[in-house]
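my_file-v2.cif (mmCIF, C-alpha atoms) appears below.
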data_coords
loop_
_atom_site.group_PDB
_atom_site.id
_atom_site.type_symbol
_atom_site.label_atom_id
_atom_site.label_comp_id
_atom_site.auth_asym_id
_atom_site.auth_seq_id
_atom_site.Cartn_x
_atom_site.Cartn_y
_atom_site.Cartn_z
ATOM 1 C CA MET J 1 -2.841 -0.092 -9.482
ATOM 2 C CA ALA J 2 -1.491 -3.198 -11.069
ATOM 3 C CA LEU J 3 -3.250 -5.538 -13.414
ATOM 4 C CA SER J 4 -2.067 -8.904 -14.527
ATOM 5 C CA GLY J 5 -3.507 -11.612 -16.660
ATOM 6 C CA ALA J 6 -3.597 -13.733 -19.747
ATOM 7 C CA GLY J 7 -6.360 -14.697 -22.120
ATOM 8 C CA GLY J 8 -9.836 -14.132 -20.746
ATOM 9 C CA ARG J 9 -8.764 -13.941 -17.109
ATOM 10 C CA ARG J 10 -6.863 -11.097 -15.532
ATOM 11 C CA SER J 11 -5.875 -9.941 -12.077
ATOM 12 C CA VAL J 12 -5.767 -6.381 -10.816
ATOM 13 C CA ARG J 13 -3.609 -4.883 -8.114
ATOM 14 C CA PRO J 14 -4.319 -1.328 -6.916
ATOM 15 C CA SER J 15 -1.128 -0.235 -5.215
ATOM 16 C CA GLY J 16 1.011 2.826 -4.809
ATOM 17 C CA THR J 17 4.125 0.752 -4.261
ATOM 18 C CA ALA J 18 6.233 -1.789 -6.081
ATOM 19 C CA ASP J 19 5.880 -4.260 -3.212
ATOM 20 C CA ARG J 20 3.936 -7.491 -3.600
ATOM 21 C CA LEU J 21 1.378 -9.594 -1.765
ATOM 22 C CA SER J 22 1.339 -12.622 -4.061
ATOM 23 C CA GLY J 23 2.739 -14.039 -7.279
ATOM 24 C CA ALA J 24 0.858 -11.502 -9.371
ATOM 25 C CA SER J 25 3.656 -8.982 -8.933
ATOM 26 C CA GLY J 26 6.301 -10.785 -10.926
ATOM 27 C CA SER J 27 8.749 -10.728 -8.026
ATOM 28 C CA ASP J 28 8.530 -14.423 -7.181
ATOM 29 C CA PRO J 29 11.619 -16.623 -7.551
ATOM 30 C CA GLN J 30 9.976 -18.261 -10.592
ATOM 31 C CA PRO J 31 7.715 -15.661 -12.242
ATOM 32 C CA PRO J 32 4.933 -16.992 -14.453
ATOM 33 C CA GLU J 33 5.465 -16.837 -18.192
ATOM 34 C CA ARG J 34 2.475 -14.714 -19.165
ATOM 35 C CA PRO J 35 1.804 -11.066 -20.019
ATOM 36 C CA PHE J 36 0.982 -8.551 -17.315
ATOM 37 C CA ARG J 37 -0.704 -5.174 -17.209
ATOM 38 C CA GLN J 38 -0.029 -2.809 -14.327
ATOM 39 C CA CYS J 39 -2.175 0.145 -13.366
ATOM 40 C CA ASP J 40 -1.046 2.683 -10.750
ATOM 41 C CA PRO J 41 -3.806 4.882 -9.206
ATOM 42 C CA ASP J 42 -1.154 7.262 -7.859
ATOM 43 C CA ALA J 43 0.774 7.516 -11.124
ATOM 44 C CA PRO J 44 0.190 11.252 -11.749
ATOM 45 C CA ARG J 45 1.958 11.977 -8.446
ATOM 46 C CA SER J 46 4.545 9.227 -8.547
ATOM 47 C CA PRO J 47 5.772 8.573 -12.098
ATOM 48 C CA ALA J 48 9.039 7.268 -10.648
ATOM 49 C CA LEU J 49 7.128 4.279 -9.244
ATOM 50 C CA LEU J 50 5.918 3.333 -12.703
ATOM 51 C CA GLU J 51 9.427 3.626 -14.081
ATOM 52 C CA ARG J 52 10.730 1.444 -11.270
ATOM 53 C CA GLY J 53 8.012 -1.076 -12.022
ATOM 54 C CA ARG J 54 8.924 -1.153 -15.700
ATOM 55 C CA ALA J 55 12.579 -1.718 -14.829
ATOM 56 C CA ARG J 56 11.651 -4.506 -12.404
ATOM 57 C CA ALA J 57 9.423 -6.194 -14.975
ATOM 58 C CA GLN J 58 12.163 -6.028 -17.589
ATOM 59 C CA ALA J 59 14.659 -7.539 -15.144
ATOM 60 C CA GLU J 60 12.226 -10.391 -14.448
ATOM 61 C CA GLY J 61 11.689 -10.983 -18.166
ATOM 62 C CA LEU J 62 7.990 -10.090 -17.998
ATOM 63 C CA SER J 63 5.956 -8.242 -20.607
ATOM 64 C CA VAL J 64 4.047 -5.621 -18.604
ATOM 65 C CA GLU J 65 1.725 -2.850 -19.717
ATOM 66 C CA PHE J 66 1.359 -0.060 -17.128
ATOM 67 C CA GLN J 67 -1.918 1.834 -16.892
ATOM 68 C CA PRO J 68 -2.688 4.733 -14.508
ATOM 69 C CA ALA J 69 -6.129 4.865 -12.908
ATOM 70 C CA HIS J 70 -7.886 6.056 -9.761
ATOM 71 C CA ALA J 71 -8.566 3.499 -7.044
ATOM 72 C CA GLU J 72 -12.011 5.009 -6.426
ATOM 73 C CA ALA J 73 -13.068 4.767 -10.095
ATOM 74 C CA LEU J 74 -11.426 1.796 -11.790
ATOM 75 C CA PRO J 75 -11.874 1.846 -15.591
ATOM 76 C CA PHE J 76 -12.788 -1.836 -15.833
ATOM 77 C CA ALA J 77 -16.001 -3.792 -16.235
ATOM 78 C CA ASP J 78 -17.647 -5.616 -13.348
ATOM 79 C CA GLU J 79 -16.065 -8.978 -12.441
ATOM 80 C CA SER J 80 -13.115 -8.445 -14.802
ATOM 81 C CA PHE J 81 -10.381 -10.081 -12.724
ATOM 82 C CA ASP J 82 -9.555 -13.307 -10.932
ATOM 83 C CA ILE J 83 -7.240 -11.596 -8.448
ATOM 84 C CA VAL J 84 -7.298 -8.088 -6.973
ATOM 85 C CA LEU J 85 -4.256 -7.085 -4.904
ATOM 86 C CA SER J 86 -3.092 -4.038 -2.984
ATOM 87 C CA THR J 87 0.074 -3.725 -0.921
ATOM 88 C CA PHE J 88 -0.005 -0.586 1.239
ATOM 89 C CA GLY J 89 -1.674 1.304 -1.612
ATOM 90 C CA VAL J 90 -5.469 1.382 -1.742
ATOM 91 C CA MET J 91 -5.558 2.151 1.984
ATOM 92 C CA PHE J 92 -4.495 5.710 1.120
ATOM 93 C CA ALA J 93 -7.516 6.439 -1.090
ATOM 94 C CA PRO J 94 -9.484 9.344 0.455
ATOM 95 C CA ASP J 95 -12.913 7.695 0.033
ATOM 96 C CA GLN J 96 -12.181 4.377 1.676
ATOM 97 C CA SER J 97 -15.588 2.782 1.276
ATOM 98 C CA LYS J 98 -15.693 3.700 -2.406
ATOM 99 C CA ALA J 99 -12.224 2.232 -2.957
ATOM 100 C CA ALA J 100 -13.258 -0.975 -1.181
ATOM 101 C CA SER J 101 -16.397 -1.233 -3.308
ATOM 102 C CA GLU J 102 -14.290 -0.881 -6.462
ATOM 103 C CA LEU J 103 -12.067 -3.777 -5.411
ATOM 104 C CA ILE J 104 -15.192 -5.862 -4.933
ATOM 105 C CA ARG J 105 -16.782 -4.737 -8.194
ATOM 106 C CA VAL J 106 -13.897 -5.694 -10.487
ATOM 107 C CA CYS J 107 -13.271 -9.078 -8.818
ATOM 108 C CA ARG J 108 -15.186 -12.011 -10.291
ATOM 109 C CA SER J 109 -17.288 -14.369 -8.180
ATOM 110 C CA GLY J 110 -14.934 -16.920 -6.634
ATOM 111 C CA GLY J 111 -11.938 -14.654 -7.150
ATOM 112 C CA LYS J 112 -9.531 -13.407 -4.509
ATOM 113 C CA ILE J 113 -8.903 -9.955 -3.041
ATOM 114 C CA GLY J 114 -5.522 -9.732 -1.311
ATOM 115 C CA LEU J 115 -4.489 -6.813 0.884
ATOM 116 C CA ALA J 116 -1.484 -5.816 2.954
ATOM 117 C CA ASN J 117 -2.402 -2.895 5.246
ATOM 118 C CA TRP J 118 -0.544 -1.172 8.077
ATOM 119 C CA THR J 119 -2.253 -1.547 11.457
ATOM 120 C CA PRO J 120 -3.124 1.400 13.711
ATOM 121 C CA GLU J 121 -1.202 -0.235 16.579
ATOM 122 C CA GLY J 122 2.053 -0.664 14.661
ATOM 123 C CA PHE J 123 4.891 1.693 13.814
ATOM 124 C CA ILE J 124 3.258 3.164 10.705
ATOM 125 C CA GLY J 125 0.027 3.675 12.638
ATOM 126 C CA GLU J 126 2.009 5.674 15.196
ATOM 127 C CA LEU J 127 3.686 7.549 12.345
ATOM 128 C CA PHE J 128 0.261 8.597 11.043
ATOM 129 C CA ARG J 129 -0.584 9.996 14.480
ATOM 130 C CA VAL J 130 2.665 11.967 14.714
ATOM 131 C CA VAL J 131 2.228 13.454 11.246
ATOM 132 C CA GLY J 132 -1.444 14.184 11.983
ATOM 133 C CA ARG J 133 -0.467 16.403 14.906
ATOM 134 C CA TYR J 134 1.377 18.666 12.478
ATOM 135 C CA VAL J 135 -0.798 18.376 9.374
ATOM 136 C CA PRO J 136 -4.343 17.292 10.262
ATOM 137 C CA PRO J 137 -6.226 15.384 7.555
ATOM 138 C CA ALA J 138 -8.812 17.202 5.467
ATOM 139 C CA PRO J 139 -12.328 17.292 6.949
ATOM 140 C CA GLY J 140 -14.084 13.974 6.468
ATOM 141 C CA VAL J 141 -10.919 12.057 5.542
ATOM 142 C CA LYS J 142 -10.327 9.089 7.843
ATOM 143 C CA SER J 143 -7.017 7.527 8.803
ATOM 144 C CA PRO J 144 -5.569 5.031 6.288
ATOM 145 C CA ALA J 145 -4.906 2.787 9.291
ATOM 146 C CA LEU J 146 -8.601 1.829 9.292
ATOM 147 C CA TRP J 147 -7.613 -0.707 6.630
ATOM 148 C CA GLY J 148 -5.498 -2.363 9.316
ATOM 149 C CA ASN J 149 -8.537 -2.851 11.577
ATOM 150 C CA GLU J 150 -10.100 -6.297 11.169
ATOM 151 C CA GLU J 151 -13.549 -5.183 12.318
ATOM 152 C CA TRP J 152 -13.592 -2.379 9.719
ATOM 153 C CA LEU J 153 -12.481 -4.785 6.987
ATOM 154 C CA ARG J 154 -15.274 -7.209 7.833
ATOM 155 C CA LEU J 155 -17.795 -4.367 7.655
ATOM 156 C CA GLN J 156 -16.525 -3.435 4.186
ATOM 157 C CA PHE J 157 -16.084 -6.909 2.707
ATOM 158 C CA GLY J 158 -17.984 -9.366 4.912
ATOM 159 C CA ASP J 159 -21.272 -9.256 2.994
ATOM 160 C CA VAL J 160 -19.587 -10.190 -0.297
ATOM 161 C CA ALA J 161 -17.091 -12.743 1.025
ATOM 162 C CA THR J 162 -17.409 -16.498 1.327
ATOM 163 C CA SER J 163 -14.246 -16.423 3.446
ATOM 164 C CA MET J 164 -11.791 -13.903 4.843
ATOM 165 C CA SER J 165 -8.452 -14.714 6.450
ATOM 166 C CA VAL J 166 -6.612 -12.043 8.420
ATOM 167 C CA THR J 167 -3.053 -12.603 9.632
ATOM 168 C CA ARG J 168 -0.893 -10.171 11.583
ATOM 169 C CA ARG J 169 2.632 -9.950 10.219
ATOM 170 C CA MET J 170 5.724 -7.791 10.650
ATOM 171 C CA PHE J 171 7.735 -5.865 8.097
ATOM 172 C CA LYS J 172 11.139 -4.610 9.262
ATOM 173 C CA PHE J 173 12.415 -1.255 8.063
ATOM 174 C CA ARG J 174 16.211 -1.440 7.863
ATOM 175 C CA TYR J 175 18.234 1.763 7.479
ATOM 176 C CA ARG J 176 21.689 2.963 8.411
ATOM 177 C CA SER J 177 20.266 5.193 11.146
ATOM 178 C CA ALA J 178 17.115 7.000 12.232
ATOM 179 C CA GLU J 179 18.409 10.080 10.421
ATOM 180 C CA HIS J 180 18.796 8.039 7.237
ATOM 181 C CA TRP J 181 15.175 6.854 7.519
ATOM 182 C CA VAL J 182 13.915 10.423 7.964
ATOM 183 C CA ASP J 183 15.928 11.591 4.958
ATOM 184 C CA VAL J 184 14.457 8.880 2.721
ATOM 185 C CA PHE J 185 10.868 9.187 3.956
ATOM 186 C CA ARG J 186 10.999 12.976 3.872
ATOM 187 C CA ARG J 187 11.718 12.811 0.149
ATOM 188 C CA PHE J 188 9.838 9.749 -1.048
ATOM 189 C CA TYR J 189 7.016 8.649 1.299
ATOM 190 C CA GLY J 190 3.780 10.469 0.522
ATOM 191 C CA PRO J 191 2.441 11.286 4.023
ATOM 192 C CA THR J 192 5.761 12.533 5.420
ATOM 193 C CA HIS J 193 6.832 14.198 2.158
ATOM 194 C CA LYS J 194 3.613 16.225 2.012
ATOM 195 C CA ALA J 195 3.796 17.076 5.715
ATOM 196 C CA PHE J 196 7.278 18.561 5.428
ATOM 197 C CA LEU J 197 6.266 20.546 2.338
ATOM 198 C CA ALA J 198 3.271 22.006 4.188
ATOM 199 C CA LEU J 199 5.219 23.180 7.254
ATOM 200 C CA ALA J 200 7.237 26.300 7.943
ATOM 201 C CA PRO J 201 10.982 25.658 8.474
ATOM 202 C CA GLU J 202 10.798 25.799 12.270
ATOM 203 C CA ARG J 203 7.900 23.333 12.319
ATOM 204 C CA GLN J 204 9.820 21.023 9.993
ATOM 205 C CA ILE J 205 12.542 20.883 12.636
ATOM 206 C CA ASP J 206 9.954 19.950 15.276
ATOM 207 C CA LEU J 207 8.475 17.225 13.074
ATOM 208 C CA GLU J 208 11.903 15.774 12.353
ATOM 209 C CA ARG J 209 12.654 15.679 16.086
ATOM 210 C CA ASP J 210 9.406 13.833 16.829
ATOM 211 C CA LEU J 211 10.025 11.357 14.015
ATOM 212 C CA LEU J 212 13.496 10.612 15.349
ATOM 213 C CA THR J 213 12.031 10.053 18.815
ATOM 214 C CA LEU J 214 9.422 7.679 17.385
ATOM 215 C CA LEU J 215 12.044 5.745 15.438
ATOM 216 C CA LYS J 216 14.285 5.348 18.447
ATOM 217 C CA THR J 217 11.326 4.081 20.487
ATOM 218 C CA PHE J 218 10.636 1.316 17.944
ATOM 219 C CA ASP J 219 14.263 0.585 17.005
ATOM 220 C CA ARG J 220 15.368 -3.003 17.635
ATOM 221 C CA GLY J 221 18.713 -2.723 15.862
ATOM 222 C CA GLY J 222 20.776 -2.711 19.040
ATOM 223 C CA GLY J 223 23.071 0.012 17.746
ATOM 224 C CA ASP J 224 23.932 -1.873 14.543
ATOM 225 C CA GLY J 225 21.838 0.202 12.167
ATOM 226 C CA LEU J 226 18.131 0.976 12.437
ATOM 227 C CA VAL J 227 15.700 -1.965 12.537
ATOM 228 C CA VAL J 228 12.074 -0.944 13.057
ATOM 229 C CA PRO J 229 9.362 -3.654 12.994
ATOM 230 C CA SER J 230 6.008 -2.458 11.684
ATOM 231 C CA GLU J 231 2.874 -4.559 11.982
ATOM 232 C CA TYR J 232 0.545 -5.071 9.033
ATOM 233 C CA LEU J 233 -2.471 -7.207 8.216
ATOM 234 C CA GLU J 234 -2.263 -9.791 5.452
ATOM 235 C CA VAL J 235 -5.834 -10.183 4.226
ATOM 236 C CA VAL J 236 -7.175 -12.728 1.730
ATOM 237 C CA ILE J 237 -10.845 -12.440 0.777
ATOM 238 C CA THR J 238 -12.719 -14.936 -1.402
ATOM 239 C CA ARG J 239 -15.420 -13.128 -3.353
ATOM 240 C CA ALA J 240 -18.920 -14.604 -3.164
#
Here is the file; what I need is its structure written in the form of structure tokens.
Amino acid sequence: MALSGAGGRRSVRPSGTADRLSGASGSDPQPPERPFRQCDPDAPRSPALLERGRARAQAEGLSVEFQPAHAEALPFADESFDIVLSTFGVMFAPDQSKAASELIRVCRSGGKIGLANWTPEGFIGELFRVVGRYVPPAPGVKSPALWGNEEWLRLQFGDVATSMSVTRRMFKFRYRSAEHWVDVFRRFYGPTHKAFLALAPERQIDLERDLLTLLKTFDRGGGDGLVVPSEYLEVVITRA
């Protein structure tokens, strides 16, 4: 989870990735000249992400303090932050309603909550279904793709929002080939990495085959490398 801020106002960004939703990430063409703190709720399982974040911050000339925390139990006082952001991160918290309530709790009245979440209809939503056929989720754990459902988001945030904008957008995965994508996601993307680790060798072969089929179904590269569009929701909530 990432935190940013200066003086008495701060912003917080729970995220398991180094991607960004707004200027709070320090990846804008003209990054703001102020100190940042970054907190990663998945840090115990992905220390490489924190190291990558530190390197990125240094390259951007930003002073950033990284702090690990759990998205379902943020170690911050109520209404601590002006901005709360998550890019494809908080959606993977097991207790989704608890994680949503934590985003609300630490955001001040009049502040913004920004989210980028994969949709169930898009490529990553289909990926979740393929992986789920091989490694079903634990009992009671719901699909992360719920965060890409506008109705579900309004149920979670509607009562505490003065406004909520939801925009469907596309991110394009670009790789040398479908095989290249599988190699990278098998090693570094949590859901697929864990699925391959949990399967016997022969089942790993089956999963790889199904992933390649899925990729080729979504591929729009026209034979010049792999280009797979994946739909996500860009969500901006103004806290009441």
Can you give me, as a PDB file with C-alpha atoms, in the frame of the given file, the residues this file yields under the PyMOL selection byres ((chain J and resi 218) around 9)?
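Below is the file that was written, result-v9.pdb:
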ATOM      1  CA  PHE J 123       4.891   1.693  13.814  1.00  0.00           C
ATOM      2  CA  THR J 213      12.031  10.053  18.815  1.00  0.00           C
ATOM      3  CA  LEU J 214       9.422   7.679  17.385  1.00  0.00           C
ATOM      4  CA  LEU J 215      12.044   5.745  15.438  1.00  0.00           C
ATOM      5  CA  LYS J 216      14.285   5.348  18.447  1.00  0.00           C
ATOM      6  CA  THR J 217      11.326   4.081  20.487  1.00  0.00           C
ATOM      7  CA  ASP J 219      14.263   0.585  17.005  1.00  0.00           C
ATOM      8  CA  ARG J 220      15.368  -3.003  17.635  1.00  0.00           C
ATOM      9  CA  VAL J 227      15.700  -1.965  12.537  1.00  0.00           C
ATOM     10  CA  VAL J 228      12.074  -0.944  13.057  1.00  0.00           C
ATOM     11  CA  PRO J 229       9.362  -3.654  12.994  1.00  0.00           C
ATOM     12  CA  SER J 230       6.008  -2.458  11.684  1.00  0.00           C
TER      13      SER J 230
END
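For the pair atom CA of Val184 of chain J and atom CA of Ala138 of chain J, the separation is 24.9 Å.
Between atom CA of Gly148 of chain J and atom CA of Ala100 of chain J the interatomic distance comes to 13.1 Å.
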Applied to the shown file, which residues does the PyMOL selection byres ((chain J and resi 189) around 12) return, written as an MDAnalysis selection string?
chainID J and resid 16:17 45:46 49 88:89 92 124 127:128 181:188 190:197
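Atom to atom, atom CA of Ile113 of chain J and atom CA of Phe173 of chain J stand 25.6 Å apart.
Proximity ranking of J:Gly53, J:Pro144, J:Pro201, J:Gly110 relative to Val160 of chain J places J:Gly110 first, based on only C-alpha atoms.
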With N, CA and C atoms as the target, complete segment 132-150 of chain J and hand it back as a CSV table (one decimal), in the frame of the given file.
chain,number,residue,atom,x,y,z
J,132,GLY,N,-0.1,13.5,11.8
J,132,GLY,CA,-1.4,14.2,12.0
J,132,GLY,C,-1.5,15.3,13.0
J,133,ARG,N,-0.5,15.3,14.0
J,133,ARG,CA,-0.5,16.4,14.9
J,133,ARG,C,0.1,17.7,14.2
J,134,TYR,N,0.8,17.5,13.2
J,134,TYR,CA,1.4,18.7,12.5
J,134,TYR,C,0.5,19.1,11.3
J,135,VAL,N,0.0,18.1,10.6
J,135,VAL,CA,-0.8,18.4,9.4
J,135,VAL,C,-2.1,17.5,9.5
J,136,PRO,N,-3.1,18.1,10.1
J,136,PRO,CA,-4.3,17.3,10.3
J,136,PRO,C,-4.9,16.9,8.9
J,137,PRO,N,-5.6,15.8,8.8
J,137,PRO,CA,-6.2,15.4,7.6
J,137,PRO,C,-7.4,16.3,7.2
J,138,ALA,N,-7.7,16.4,5.9
J,138,ALA,CA,-8.8,17.2,5.5
J,138,ALA,C,-10.1,16.8,6.1
J,139,PRO,N,-11.1,17.7,6.3
J,139,PRO,CA,-12.3,17.3,6.9
J,139,PRO,C,-13.0,16.1,6.2
J,140,GLY,N,-13.4,15.1,7.0
J,140,GLY,CA,-14.1,14.0,6.5
J,140,GLY,C,-13.2,12.8,6.0
J,141,VAL,N,-11.9,13.1,6.0
J,141,VAL,CA,-10.9,12.1,5.5
J,141,VAL,C,-10.5,11.3,6.8
J,142,LYS,N,-10.7,10.0,6.7
J,142,LYS,CA,-10.3,9.1,7.8
J,142,LYS,C,-8.9,8.5,7.7
J,143,SER,N,-8.4,8.1,8.8
J,143,SER,CA,-7.0,7.5,8.8
J,143,SER,C,-6.9,6.3,7.9
J,144,PRO,N,-5.8,6.2,7.1
J,144,PRO,CA,-5.6,5.0,6.3
J,144,PRO,C,-5.5,3.8,7.1
J,145,ALA,N,-5.1,3.9,8.4
J,145,ALA,CA,-4.9,2.8,9.3
J,145,ALA,C,-6.2,2.0,9.6
J,146,LEU,N,-7.4,2.6,9.2
J,146,LEU,CA,-8.6,1.8,9.3
J,146,LEU,C,-8.5,0.5,8.5
J,147,TRP,N,-7.8,0.5,7.4
J,147,TRP,CA,-7.6,-0.7,6.6
J,147,TRP,C,-6.8,-1.8,7.4
J,148,GLY,N,-6.2,-1.4,8.5
J,148,GLY,CA,-5.5,-2.4,9.3
J,148,GLY,C,-6.3,-2.8,10.5
J,149,ASN,N,-7.6,-2.5,10.5
J,149,ASN,CA,-8.5,-2.9,11.6
J,149,ASN,C,-9.4,-4.0,11.1
J,150,GLU,N,-9.4,-5.1,11.7
J,150,GLU,CA,-10.1,-6.3,11.2
J,150,GLU,C,-11.6,-6.1,11.2
